[in-house]
>>> print(open('upload17.pdb').read())   # PDB, C-alpha atoms
ATOM      1  CA  MET A  18       0.000   0.000   0.000
ATOM      2  CA  ALA A  19       1.126   3.527  -0.510
ATOM      3  CA  LYS A  20       0.255   6.903   0.976
ATOM      4  CA  ALA A  21       0.395  10.276  -0.718
ATOM      5  CA  ASN A  22       3.004  12.662   0.682
ATOM      6  CA  ARG A  23       2.804  16.468   0.678
ATOM      7  CA  GLU A  24       3.815  16.636  -2.970
ATOM      8  CA  ARG A  25       0.942  14.260  -3.791
ATOM      9  CA  GLU A  26       3.381  11.580  -4.849
ATOM     10  CA  LEU A  27       2.943   8.028  -3.660
ATOM     11  CA  ALA A  28       5.278   7.008  -0.879
ATOM     12  CA  PRO A  29       5.654   3.383   0.229
ATOM     13  CA  ALA A  30       3.800   2.383   3.371
ATOM     14  CA  SER A  31       5.599   1.102   6.417
ATOM     15  CA  VAL A  32       6.903  -2.442   6.190
ATOM     16  CA  ASN A  33       5.047  -3.284   9.403
ATOM     17  CA  SER A  34       1.652  -2.029   8.257
ATOM     18  CA  PRO A  35      -0.910  -4.522   6.949
ATOM     19  CA  ILE A  36      -1.532  -4.766   3.223
ATOM     20  CA  VAL A  37      -5.285  -4.701   2.653
ATOM     21  CA  LYS A  38      -6.938  -5.373  -0.674
ATOM     22  CA  SER A  39     -10.658  -5.924  -1.153
ATOM     23  CA  LYS A  40     -10.693  -9.580  -0.133
ATOM     24  CA  LEU A  41      -7.125 -10.070   1.083
ATOM     25  CA  ILE A  42      -5.231  -9.040   4.230
ATOM     26  CA  VAL A  43      -1.527  -9.794   4.592
ATOM     27  CA  GLU A  44      -0.089  -8.537   7.874
ATOM     28  CA  PRO A  45       3.626  -9.035   8.640
ATOM     29  CA  CYS A  46       4.295 -10.902  11.914
ATOM     30  CA  GLY A  47       8.069 -10.674  11.837
ATOM     31  CA  PRO A  48      10.761 -10.865   9.197
ATOM     32  CA  LEU A  49       9.705 -14.249   7.789
ATOM     33  CA  MET A  50       6.093 -14.635   8.905
ATOM     34  CA  ALA A  51       2.744 -13.127   7.916
ATOM     35  CA  TRP A  52      -0.867 -13.445   8.990
ATOM     36  CA  ILE A  53      -3.075 -13.945   5.922
ATOM     37  CA  ARG A  54      -6.847 -13.723   5.610
ATOM     38  CA  SER A  55      -8.492 -14.184   2.237
ATOM     39  CA  GLU A  56     -12.001 -14.487   0.875
ATOM     40  CA  TYR A  57     -10.817 -15.362  -2.630
ATOM     41  CA  PRO A  58     -11.809 -18.824  -3.896
ATOM     42  CA  VAL A  59      -9.117 -21.471  -3.553
ATOM     43  CA  LYS A  60      -8.449 -23.651  -6.579
ATOM     44  CA  SER A  61      -6.040 -26.518  -7.088
ATOM     45  CA  LEU A  62      -3.924 -26.908 -10.176
ATOM     46  CA  LYS A  63      -2.897 -30.437  -9.212
ATOM     47  CA  SER A  64      -5.292 -33.332  -8.707
ATOM     48  CA  SER A  65      -3.172 -34.554  -5.765
ATOM     49  CA  THR A  66      -3.961 -31.425  -3.716
ATOM     50  CA  ARG A  67      -7.690 -31.119  -4.441
ATOM     51  CA  THR A  68      -8.582 -33.006  -1.261
ATOM     52  CA  TYR A  69      -7.158 -30.146   0.834
ATOM     53  CA  ILE A  70      -9.087 -27.300  -0.814
ATOM     54  CA  ASP A  71     -11.846 -27.124   1.830
ATOM     55  CA  ARG A  72      -9.330 -27.045   4.704
ATOM     56  CA  ILE A  73      -7.163 -24.412   3.028
ATOM     57  CA  SER A  74     -10.182 -22.276   2.146
ATOM     58  CA  ALA A  75     -11.535 -22.447   5.715
ATOM     59  CA  ALA A  76      -8.127 -21.597   7.211
ATOM     60  CA  LEU A  77      -7.657 -18.609   4.914
ATOM     61  CA  SER A  78     -11.158 -17.283   5.563
ATOM     62  CA  ASP A  79     -10.487 -17.360   9.338
ATOM     63  CA  GLY A  80      -6.900 -16.146   8.985
ATOM     64  CA  VAL A  81      -3.735 -18.207   9.167
ATOM     65  CA  THR A  82      -0.085 -17.617  10.043
ATOM     66  CA  ALA A  83       2.211 -18.346   7.115
ATOM     67  CA  GLU A  84       5.952 -18.482   6.551
ATOM     68  CA  CYS A  85       7.398 -16.506   3.650
ATOM     69  CA  ASP A  86       8.825 -18.682   0.871
ATOM     70  CA  LEU A  87      12.399 -17.415   0.530
ATOM     71  CA  SER A  88      12.828 -18.763  -2.998
ATOM     72  CA  ARG A  89       9.663 -17.187  -4.495
ATOM     73  CA  ARG A  90       8.440 -13.628  -4.001
ATOM     74  CA  ASP A  91       4.850 -13.275  -2.726
ATOM     75  CA  PHE A  92       4.568 -17.015  -1.967
ATOM     76  CA  PHE A  93       3.860 -18.426   1.474
ATOM     77  CA  GLU A  94       3.919 -21.814   3.188
ATOM     78  CA  ILE A  95       1.317 -22.853   5.752
ATOM     79  CA  VAL A  96       0.936 -25.870   8.010
ATOM     80  CA  LEU A  97      -2.538 -27.229   8.766
ATOM     81  CA  GLY A  98      -2.191 -30.061  11.252
ATOM     82  CA  ASN A  99       0.080 -32.537   9.467
ATOM     83  CA  ILE A 100      -0.406 -30.921   6.042
ATOM     84  CA  TRP A 101       2.276 -28.604   4.656
ATOM     85  CA  ILE A 102       1.204 -26.371   1.792
TER      86      ILE A 102
END
>>> encode(input="upload17.pdb", output="structure tokens")
Amino acid sequence: MAKANRERELAPASVNSPIVKSKLIVEPCGPLMAWIRSEYPVKSLKSSTRTYIDRISAALSDGVTAECDLSRRDFFEIVLGNIWI
């Protein structure tokens, strides 16, 4: 997110402030963690992960703590019980 400064130019928001889009909230919880809440539909691109869609969708709609994926920008890893996604 960005805020307008006195010159009406966009300035980056604080790193520690939550990023809020219409159906998505990503709030940093430290250098490598974030709390994510999403109302977007969850879809699987692999048939092997389709069985987890309901659990992932429910977790994201309630909000879940996720670890930042260091090898891919804007990707996160979550653990739901014994499931790592």
>>> atom_distance(input="upload17.pdb", atom1="atom CA of A:Ala51", atom2="atom CA of A:Thr66")
22.7 Å
>>> atom_distance(input="upload17.pdb", atom1="atom CA of A:Ala83", atom2="atom CA of A:Val96")
7.7 Å
>>> resolve_selection(input="upload17.pdb", expression="the PyMOL selection byres ((chain A and resi 93) around 9)", output="PyMOL selection string")
chain A and resi 50-51+83-87+89-92+94-95+102
>>> residues_around(input="upload17.pdb", residues="A:Leu97", least_positions_apart="4", cutoff="12 Å", atoms="all atoms listed in the file", output="PyMOL selection string")
chain A and resi 69-77+80-83+101-102
>>> atom_distance(input="upload17.pdb", atom1="atom CA of A:Ser88", atom2="atom CA of A:Pro48")
14.7 Å
>>> axis_aligned_box(input="upload17.pdb", around="stretch 63-72 of chain A", padding_each_side="4 Å", output="AutoDock Vina command-line options")
--center_x -7.4 --center_y -30.8 --center_z -2.3 --size_x 16.9 --size_y 15.5 --size_z 21.9
>>> residues_around(input="upload17.pdb", residues="A:Ser55", least_positions_apart="5", cutoff="6 Å", atoms="all atoms listed in the file", output="list in words")
Lys40, Leu41, Leu77 and Ser78 of chain A
